[in-house]
>>> print(open('model15.pdb').read())   # PDB, C-alpha atoms
ATOM      1  CA  MET A  17      77.350 216.189  70.093
ATOM      2  CA  CYS A  18      74.651 213.827  68.875
ATOM      3  CA  GLY A  19      77.079 212.108  66.637
ATOM      4  CA  GLN A  20      79.526 211.496  69.505
ATOM      5  CA  ALA A  21      76.768 210.019  71.698
ATOM      6  CA  THR A  22      75.649 207.736  68.934
ATOM      7  CA  GLY A  23      79.216 206.489  68.432
ATOM      8  CA  ARG A  24      79.651 205.785  72.116
ATOM      9  CA  ARG A  25      76.442 203.750  72.238
ATOM     10  CA  HIS A  26      77.615 201.825  69.216
ATOM     11  CA  HIS A  27      80.981 201.010  70.894
ATOM     12  CA  PHE A  28      79.194 200.035  74.080
ATOM     13  CA  ARG A  29      76.935 197.600  72.203
ATOM     14  CA  LEU A  30      79.973 196.042  70.465
ATOM     15  CA  LEU A  31      81.724 195.640  73.825
ATOM     16  CA  LEU A  32      78.645 194.112  75.385
ATOM     17  CA  LEU A  33      78.282 191.684  72.456
ATOM     18  CA  TYR A  34      81.920 190.736  72.780
ATOM     19  CA  LEU A  35      81.519 189.983  76.491
ATOM     20  CA  VAL A  36      78.407 187.881  75.903
ATOM     21  CA  LEU A  37      80.153 185.858  73.192
ATOM     22  CA  SER A  38      83.208 185.375  75.414
ATOM     23  CA  PHE A  39      81.029 184.195  78.279
ATOM     24  CA  LEU A  40      79.224 181.701  76.046
ATOM     25  CA  ILE A  41      82.483 180.288  74.741
ATOM     26  CA  VAL A  42      83.900 179.861  78.239
ATOM     27  CA  ALA A  43      80.649 178.315  79.526
ATOM     28  CA  GLN A  44      80.468 175.751  76.691
ATOM     29  CA  SER A  45      84.102 174.525  76.905
ATOM     30  CA  PRO A  46      83.730 172.364  80.194
ATOM     31  CA  VAL A  47      80.644 170.711  78.793
ATOM     32  CA  ALA A  48      82.561 169.733  75.706
ATOM     33  CA  ALA A  49      85.387 168.406  77.897
ATOM     34  CA  ILE A  50      82.965 166.247  79.898
ATOM     35  CA  LYS A  51      81.143 165.017  76.820
ATOM     36  CA  SER A  52      84.372 164.130  75.079
ATOM     37  CA  PRO A  53      86.860 162.943  77.729
ATOM     38  CA  PRO A  54      90.408 162.128  76.691
ATOM     39  CA  ILE A  55      91.289 158.599  75.585
ATOM     40  CA  SER A  56      93.775 158.094  78.447
ATOM     41  CA  PHE A  57      91.059 158.820  81.022
ATOM     42  CA  VAL A  58      88.756 156.278  79.351
ATOM     43  CA  LYS A  59      91.425 153.624  79.438
ATOM     44  CA  ILE A  60      92.138 154.209  83.113
ATOM     45  CA  MET A  61      88.531 154.236  84.280
ATOM     46  CA  ALA A  62      87.203 151.373  82.117
ATOM     47  CA  PRO A  63      86.244 148.537  84.548
ATOM     48  CA  LYS A  64      85.786 145.776  82.023
ATOM     49  CA  ASN A  65      89.311 145.882  80.685
ATOM     50  CA  SER A  66      90.778 145.893  84.233
ATOM     51  CA  THR A  67      88.643 142.917  85.314
ATOM     52  CA  THR A  68      89.634 140.912  82.277
ATOM     53  CA  LYS A  69      93.285 141.560  82.904
ATOM     54  CA  SER A  70      92.945 140.531  86.572
ATOM     55  CA  ASN A  71      91.143 137.301  85.606
ATOM     56  CA  ASP A  72      93.901 136.439  83.164
ATOM     57  CA  GLU A  73      96.550 136.925  85.826
ATOM     58  CA  SER A  74      94.584 134.795  88.350
ATOM     59  CA  SER A  75      94.175 131.992  85.816
ATOM     60  CA  SER A  76      97.876 131.947  85.066
ATOM     61  CA  VAL A  77      98.774 131.816  88.770
ATOM     62  CA  LEU A  78      96.258 128.993  89.351
ATOM     63  CA  ARG A  79      97.709 126.999  86.486
ATOM     64  CA  GLU A  80     101.194 127.385  87.919
ATOM     65  CA  LEU A  81     100.012 126.207  91.338
ATOM     66  CA  LYS A  82      98.311 123.164  89.852
ATOM     67  CA  ASP A  83     101.443 122.244  87.942
ATOM     68  CA  THR A  84     103.518 122.600  91.106
ATOM     69  CA  VAL A  85     101.124 120.404  93.102
ATOM     70  CA  ARG A  86     101.171 117.710  90.426
ATOM     71  CA  SER A  87     104.955 117.666  90.317
ATOM     72  CA  GLN A  88     105.214 117.480  94.105
ATOM     73  CA  ALA A  89     102.658 114.657  94.290
ATOM     74  CA  ALA A  90     104.603 112.694  91.707
ATOM     75  CA  GLU A  91     107.807 113.245  93.667
ATOM     76  CA  ILE A  92     106.154 112.112  96.914
ATOM     77  CA  ASP A  93     104.877 108.918  95.268
ATOM     78  CA  ARG A  94     108.337 108.197  93.922
ATOM     79  CA  LEU A  95     109.910 108.708  97.348
ATOM     80  CA  LYS A  96     107.297 106.478  99.016
ATOM     81  CA  LYS A  97     107.999 103.656  96.591
ATOM     82  CA  ALA A  98     111.730 104.001  97.106
ATOM     83  CA  LEU A  99     111.326 104.075 100.890
ATOM     84  CA  SER A 100     109.069 100.998 100.974
ATOM     85  CA  ALA A 101     111.464  99.109  98.721
ATOM     86  CA  THR A 102     114.376  99.801 101.063
ATOM     87  CA  LYS A 103     112.399  99.381 104.299
ATOM     88  CA  THR A 104     110.774  95.984 103.625
ATOM     89  CA  PRO A 105     113.944  93.860 103.760
ATOM     90  CA  ALA A 106     115.257  95.754 106.769
ATOM     91  CA  SER A 107     112.050  95.405 108.778
ATOM     92  CA  GLY A 108     111.782  91.719 107.946
ATOM     93  CA  GLY A 109     115.297  91.134 109.189
ATOM     94  CA  HIS A 110     114.588  93.124 112.342
ATOM     95  CA  ALA A 111     111.446  91.173 113.117
ATOM     96  CA  HIS A 112     113.106  87.788 112.786
ATOM     97  CA  GLY A 113     116.174  89.055 114.524
ATOM     98  CA  GLY A 114     113.993  90.010 117.471
ATOM     99  CA  HIS A 115     112.747  86.441 117.611
ATOM    100  CA  HIS A 116     116.027  84.671 117.316
ATOM    101  CA  GLY A 117     119.633  85.049 118.201
ATOM    102  CA  GLY A 118     121.409  84.714 114.879
ATOM    103  CA  SER A 119     121.238  84.639 111.105
ATOM    104  CA  SER A 120     120.772  80.868 110.971
ATOM    105  CA  ASP A 121     117.451  81.182 112.805
ATOM    106  CA  ASN A 122     116.383  83.917 110.416
ATOM    107  CA  GLU A 123     117.151  81.666 107.482
ATOM    108  CA  ASP A 124     115.081  78.862 109.048
ATOM    109  CA  ILE A 125     112.049  81.159 109.336
ATOM    110  CA  LEU A 126     112.482  82.473 105.814
ATOM    111  CA  ASP A 127     112.800  78.907 104.490
ATOM    112  CA  TYR A 128     109.601  77.762 106.234
ATOM    113  CA  LYS A 129     107.626  77.828 102.982
ATOM    114  CA  ILE A 130     109.907  75.300 101.291
ATOM    115  CA  LYS A 131     110.337  73.008 104.314
ATOM    116  CA  SER A 132     108.690  69.606 104.229
ATOM    117  CA  PHE A 133     106.331  68.422 106.935
ATOM    118  CA  VAL A 134     108.838  65.766 107.951
ATOM    119  CA  SER A 135     111.559  68.310 108.726
ATOM    120  CA  ILE A 136     109.096  70.515 110.631
ATOM    121  CA  ALA A 137     107.922  67.553 112.721
ATOM    122  CA  TYR A 138     111.508  66.465 113.382
ATOM    123  CA  GLU A 139     112.449  69.920 114.672
ATOM    124  CA  ARG A 140     109.455  70.203 117.007
ATOM    125  CA  VAL A 141     108.974  66.697 118.342
ATOM    126  CA  TRP A 142     111.952  66.870 120.696
ATOM    127  CA  TRP A 143     110.622  69.922 122.474
ATOM    128  CA  LEU A 144     107.177  68.348 122.760
ATOM    129  CA  ALA A 145     108.751  65.233 124.253
ATOM    130  CA  ILE A 146     110.489  67.327 126.907
ATOM    131  CA  PHE A 147     107.265  69.137 127.795
ATOM    132  CA  LEU A 148     105.373  65.840 127.830
ATOM    133  CA  LEU A 149     107.746  64.585 130.493
ATOM    134  CA  SER A 150     107.154  67.740 132.525
ATOM    135  CA  LEU A 151     103.400  67.165 132.306
ATOM    136  CA  SER A 152     103.915  63.824 134.012
ATOM    137  CA  PHE A 153     104.390  65.824 137.200
ATOM    138  CA  THR A 154     100.636  66.473 137.176
ATOM    139  CA  ALA A 155     100.083  62.774 137.716
ATOM    140  CA  LEU A 156     102.463  62.870 140.675
ATOM    141  CA  ILE A 157     100.565  65.828 142.141
ATOM    142  CA  MET A 158      97.219  64.095 141.738
ATOM    143  CA  ASN A 159      98.664  61.020 143.426
ATOM    144  CA  GLY A 160     100.032  63.123 146.277
ATOM    145  CA  PHE A 161      96.633  64.670 146.970
ATOM    146  CA  GLU A 162      94.689  61.457 146.471
ATOM    147  CA  HIS A 163      93.511  61.517 150.075
ATOM    148  CA  THR A 164      92.087  65.028 149.605
ATOM    149  CA  LEU A 165      90.312  63.999 146.401
ATOM    150  CA  SER A 166      88.828  60.950 148.089
ATOM    151  CA  LYS A 167      87.326  63.149 150.810
ATOM    152  CA  GLN A 168      86.157  65.922 148.414
ATOM    153  CA  ILE A 169      85.474  64.390 145.014
ATOM    154  CA  GLU A 170      84.011  67.686 143.790
ATOM    155  CA  LEU A 171      87.553  69.053 143.515
ATOM    156  CA  ALA A 172      88.199  66.744 140.571
ATOM    157  CA  TYR A 173      85.378  68.377 138.583
ATOM    158  CA  PHE A 174      87.326  71.612 138.194
ATOM    159  CA  VAL A 175      90.792  70.262 137.357
ATOM    160  CA  PRO A 176      90.188  70.373 133.560
ATOM    161  CA  LEU A 177      88.504  73.776 133.860
ATOM    162  CA  LEU A 178      91.427  75.330 135.721
ATOM    163  CA  ALA A 179      94.000  73.723 133.432
ATOM    164  CA  GLY A 180      92.209  75.045 130.360
ATOM    165  CA  HIS A 181      91.828  78.507 131.842
ATOM    166  CA  GLY A 182      95.528  78.664 132.678
ATOM    167  CA  GLY A 183      96.431  77.658 129.123
ATOM    168  CA  ASN A 184      94.074  80.251 127.640
ATOM    169  CA  THR A 185      95.378  83.067 129.824
ATOM    170  CA  GLY A 186      99.007  82.203 129.155
ATOM    171  CA  GLY A 187      98.307  81.764 125.454
ATOM    172  CA  GLN A 188      96.967  85.310 125.235
ATOM    173  CA  ALA A 189     100.114  86.660 126.888
ATOM    174  CA  VAL A 190     102.409  84.597 124.639
ATOM    175  CA  GLY A 191     100.638  85.722 121.483
ATOM    176  CA  THR A 192     100.678  89.378 122.508
ATOM    177  CA  VAL A 193     104.375  89.404 123.401
ATOM    178  CA  LEU A 194     105.393  87.479 120.281
ATOM    179  CA  SER A 195     103.450  89.882 118.052
ATOM    180  CA  ALA A 196     105.029  92.895 119.744
ATOM    181  CA  LEU A 197     108.516  91.390 119.393
ATOM    182  CA  SER A 198     107.925  90.584 115.716
ATOM    183  CA  ALA A 199     106.753  94.137 114.995
ATOM    184  CA  GLY A 200     109.704  95.634 116.859
ATOM    185  CA  VAL A 201     107.399  97.440 119.289
ATOM    186  CA  ILE A 202     109.230  95.961 122.281
ATOM    187  CA  THR A 203     112.745  94.611 122.811
ATOM    188  CA  ARG A 204     114.575  92.679 125.522
ATOM    189  CA  LYS A 205     115.062  95.942 127.420
ATOM    190  CA  ASP A 206     111.282  96.137 127.938
ATOM    191  CA  ALA A 207     111.059  92.653 129.466
ATOM    192  CA  THR A 208     110.528  93.712 133.088
ATOM    193  CA  ARG A 209     107.867  96.301 132.272
ATOM    194  CA  VAL A 210     105.996  93.974 129.907
ATOM    195  CA  VAL A 211     106.045  90.996 132.279
ATOM    196  CA  MET A 212     104.794  93.069 135.215
ATOM    197  CA  LYS A 213     102.010  94.577 133.110
ATOM    198  CA  GLU A 214     100.861  91.176 131.866
ATOM    199  CA  ALA A 215     100.999  89.682 135.373
ATOM    200  CA  MET A 216      98.875  92.494 136.803
ATOM    201  CA  SER A 217      96.447  92.129 133.917
ATOM    202  CA  GLY A 218      96.163  88.397 134.613
ATOM    203  CA  MET A 219      95.454  89.061 138.287
ATOM    204  CA  VAL A 220      92.642  91.494 137.440
ATOM    205  CA  MET A 221      91.098  89.037 134.983
ATOM    206  CA  GLY A 222      91.338  86.252 137.575
ATOM    207  CA  LEU A 223      89.625  88.370 140.217
ATOM    208  CA  ILE A 224      86.752  89.195 137.885
ATOM    209  CA  LEU A 225      86.271  85.589 136.771
ATOM    210  CA  GLY A 226      86.673  84.238 140.306
ATOM    211  CA  VAL A 227      83.969  86.525 141.651
ATOM    212  CA  LEU A 228      81.634  85.379 138.866
ATOM    213  CA  LEU A 229      82.514  81.683 138.921
ATOM    214  CA  GLY A 230      82.097  81.070 142.674
ATOM    215  CA  PRO A 231      78.380  81.919 142.890
ATOM    216  CA  ILE A 232      77.680  80.078 139.642
ATOM    217  CA  CYS A 233      79.307  76.917 141.001
ATOM    218  CA  HIS A 234      77.401  77.071 144.272
ATOM    219  CA  TYR A 235      73.949  78.331 143.268
ATOM    220  CA  VAL A 236      73.667  77.048 139.694
ATOM    221  CA  MET A 237      75.745  73.863 139.643
ATOM    222  CA  GLY A 238      74.985  72.845 143.239
ATOM    223  CA  ILE A 239      78.642  72.598 144.282
ATOM    224  CA  SER A 240      79.376  72.834 148.003
ATOM    225  CA  GLN A 241      80.279  76.199 149.441
ATOM    226  CA  HIS A 242      83.828  75.284 150.425
ATOM    227  CA  VAL A 243      84.715  73.859 146.997
ATOM    228  CA  SER A 244      83.195  76.898 145.283
ATOM    229  CA  THR A 245      85.346  79.075 147.526
ATOM    230  CA  VAL A 246      88.453  77.089 146.553
ATOM    231  CA  VAL A 247      87.713  77.620 142.856
ATOM    232  CA  SER A 248      87.099  81.344 143.318
ATOM    233  CA  VAL A 249      90.331  81.850 145.272
ATOM    234  CA  THR A 250      92.392  79.771 142.834
ATOM    235  CA  MET A 251      91.345  81.735 139.738
ATOM    236  CA  PRO A 252      93.259  84.995 140.476
ATOM    237  CA  LEU A 253      96.449  83.157 141.454
ATOM    238  CA  LEU A 254      96.288  80.835 138.457
ATOM    239  CA  SER A 255      95.666  83.727 136.054
ATOM    240  CA  THR A 256      98.579  85.699 137.479
ATOM    241  CA  ILE A 257     100.972  82.745 137.153
ATOM    242  CA  ALA A 258      99.813  81.989 133.604
ATOM    243  CA  ALA A 259     100.155  85.591 132.432
ATOM    244  CA  PHE A 260     103.566  85.892 134.099
ATOM    245  CA  LEU A 261     104.909  82.741 132.451
ATOM    246  CA  GLY A 262     103.282  83.514 129.115
ATOM    247  CA  SER A 263     104.912  86.942 128.923
ATOM    248  CA  SER A 264     108.325  86.017 130.338
ATOM    249  CA  LEU A 265     109.070  82.824 128.376
ATOM    250  CA  PRO A 266     109.343  84.583 124.954
ATOM    251  CA  PHE A 267     111.989  86.911 126.396
ATOM    252  CA  VAL A 268     113.838  83.945 127.926
ATOM    253  CA  CYS A 269     113.838  82.162 124.570
ATOM    254  CA  VAL A 270     115.179  85.268 122.815
ATOM    255  CA  MET A 271     117.952  85.686 125.390
ATOM    256  CA  LEU A 272     118.955  82.032 124.966
ATOM    257  CA  GLY A 273     118.875  82.238 121.175
ATOM    258  CA  LEU A 274     115.925  79.835 120.862
ATOM    259  CA  ASP A 275     112.781  80.078 118.760
ATOM    260  CA  PRO A 276     109.971  81.395 121.006
ATOM    261  CA  ALA A 277     107.325  80.582 118.409
ATOM    262  CA  VAL A 278     108.095  76.868 118.847
ATOM    263  CA  ILE A 279     109.022  76.754 122.535
ATOM    264  CA  ALA A 280     107.178  79.492 124.459
ATOM    265  CA  ALA A 281     103.580  78.256 124.107
ATOM    266  CA  PRO A 282     104.090  74.551 125.000
ATOM    267  CA  ALA A 283     106.515  75.440 127.782
ATOM    268  CA  MET A 284     103.981  77.839 129.243
ATOM    269  CA  THR A 285     101.220  75.217 129.089
ATOM    270  CA  SER A 286     103.347  72.613 130.855
ATOM    271  CA  PHE A 287     104.496  74.931 133.635
ATOM    272  CA  VAL A 288     101.022  76.399 134.166
ATOM    273  CA  ASP A 289      99.412  72.966 134.437
ATOM    274  CA  VAL A 290     101.906  71.816 137.054
ATOM    275  CA  THR A 291     101.997  74.996 139.144
ATOM    276  CA  GLY A 292      98.259  75.637 138.814
ATOM    277  CA  LEU A 293      97.351  72.145 139.982
ATOM    278  CA  MET A 294      99.715  72.431 142.926
ATOM    279  CA  CYS A 295      98.217  75.784 143.953
ATOM    280  CA  TYR A 296      94.705  74.396 143.587
ATOM    281  CA  PHE A 297      95.207  71.578 146.057
ATOM    282  CA  LEU A 298      97.221  73.659 148.524
ATOM    283  CA  ILE A 299      94.489  76.309 148.563
ATOM    284  CA  ALA A 300      91.893  73.539 148.984
ATOM    285  CA  ASN A 301      93.631  72.243 152.111
ATOM    286  CA  LYS A 302      93.741  75.729 153.664
ATOM    287  CA  VAL A 303      90.116  76.530 152.814
ATOM    288  CA  PHE A 304      88.890  73.209 154.159
ATOM    289  CA  GLN A 305      90.713  73.866 157.420
ATOM    290  CA  LEU A 306      89.015  77.275 157.663
ATOM    291  CA  PHE A 307      85.650  75.560 157.226
ATOM    292  CA  GLY A 308      86.608  73.117 160.029
ATOM    293  CA  MET A 309      86.702  70.063 157.801
ATOM    294  CA  GLU A 310      88.965  67.098 158.488
ATOM    295  CA  LEU A 311      91.121  65.772 155.640
TER
END
>>> encode(input="model15.pdb", output="structure tokens")
Amino acid sequence: MCGQATGRRHHFRLLLLYLVLSFLIVAQSPVAAIKSPPISFVKIMAPKNSTTKSNDESSSVLRELKDTVRSQAAEIDRLKKALSATKTPASGGHAHGGHHGGSSDNEDILDYKIKSFVSIAYERVWWLAIFLLSLSFTALIMNGFEHTLSKQIELAYFVPLLAGHGGNTGGQAVGTVLSALSAGVITRKDATRVVMKEAMSGMVMGLILGVLLGPICHYVMGISQHVSTVVSVTMPLLSTIAAFLGSSLPFVCVMLGLDPAVIAAPAMTSFVDVTGLMCYFLIANKVFQLFGMEL
């Protein structure tokens, strides 16, 4: 019996040792797995390699974009040069065509650089002669209102001032309309709108200057009240007439096939001098009657 008990204890010890060893082996295997992870897991989880690869891809995409931008910029520059080369002759022809009626006038403008001063003077002197004759009407007007001037000599002081103001106002309108026609901004279809706008602008400018000029004439220059009133009232009307003529004459020249650069400005000056002087003396007669003065 003792021998059987001893054998059982021996088997029990062997079994217990076997279980302990098995437990130790099982307990140590996860640690080994953590300490020595597989190579595939290392490759997947390594951040440095992934970042490097992403940077390489970003650099390649950036280089492609830069190359595309350069090629497109070069293409745009080429197209701009081609467009400017084709647009310059066309726009030049359009600008001169807006000024004149036919190709012969365009050729005259283009040949201006090689023209001699004699030919230029010969072409312009006839128009100046015509306008000089029209200016002779100012002498007739002055003669017709000689009685008024003899009674109110102060009126004569402002004849040069009003004539110069009318020429300046009309000259601004002529220059503006000619520039717009040359650039192709306006055409003959815009004549009514442009003329009305310039005439209204001239009236506003005349009102402003008339309100300022009247008190200056009376209180600063010592001019009589009735003559200062005549000057103030004449300014808006004169400015309106000058702006109207200055803006309409270029369109008239274009419609007739004439050169507005040669004709419009002197024609405007002649007409403004005659009509402005007439308005000045007519307004003077009415104002003097309102003040109860005998003429």
>>> residues_around(input="model15.pdb", residues="Met309 (chain A)", least_positions_apart="5", cutoff="10 Å", atoms="only C-alpha atoms", output="PyMOL selection string")
chain A and resi 167+242+301-304
>>> atom_distance(input="model15.pdb", atom1="CA of Gln168 (chain A)", atom2="CA of Ala155 (chain A)")
17.8 Å
>>> atom_distance(input="model15.pdb", atom1="CA of Gly222 (chain A)", atom2="CA of Pro276 (chain A)")
25.4 Å
>>> residues_around(input="model15.pdb", residues="Val193 (chain A)", least_positions_apart="3", cutoff="12 Å", atoms="only C-alpha atoms", output="ChimeraX atom specification")
/A:114-115,186-190,196-204,206-207,209-211,213-214,259-270,276-277,280-281
>>> atom_distance(input="model15.pdb", atom1="CA of Ile232 (chain A)", atom2="CA of Leu254 (chain A)")
18.7 Å
>>> residues_around(input="model15.pdb", residues="Met219 (chain A)", least_positions_apart="3", cutoff="9 Å", atoms="only C-alpha atoms", output="mmCIF file with C-alpha atoms, keeping the file's coordinate frame")
data_model
loop_
_atom_site.group_PDB
_atom_site.id
_atom_site.type_symbol
_atom_site.label_atom_id
_atom_site.label_comp_id
_atom_site.auth_asym_id
_atom_site.auth_seq_id
_atom_site.Cartn_x
_atom_site.Cartn_y
_atom_site.Cartn_z
ATOM 1 C CA GLU A 214 100.861 91.176 131.866
ATOM 2 C CA ALA A 215 100.999 89.682 135.373
ATOM 3 C CA MET A 216 98.875 92.494 136.803
ATOM 4 C CA GLY A 222 91.338 86.252 137.575
ATOM 5 C CA LEU A 223 89.625 88.370 140.217
ATOM 6 C CA ILE A 224 86.752 89.195 137.885
ATOM 7 C CA MET A 251 91.345 81.735 139.738
ATOM 8 C CA PRO A 252 93.259 84.995 140.476
ATOM 9 C CA LEU A 253 96.449 83.157 141.454
ATOM 10 C CA LEU A 254 96.288 80.835 138.457
ATOM 11 C CA SER A 255 95.666 83.727 136.054
ATOM 12 C CA THR A 256 98.579 85.699 137.479
ATOM 13 C CA ILE A 257 100.972 82.745 137.153
ATOM 14 C CA ALA A 259 100.155 85.591 132.432
#
>>> resolve_selection(input="model15.pdb", expression="the PyMOL selection byres ((chain A and resi 298) around 12)", output="PyMOL selection string")
chain A and resi 157-158+160-161+164+171+246-247+249-250+253+291-297+299-305
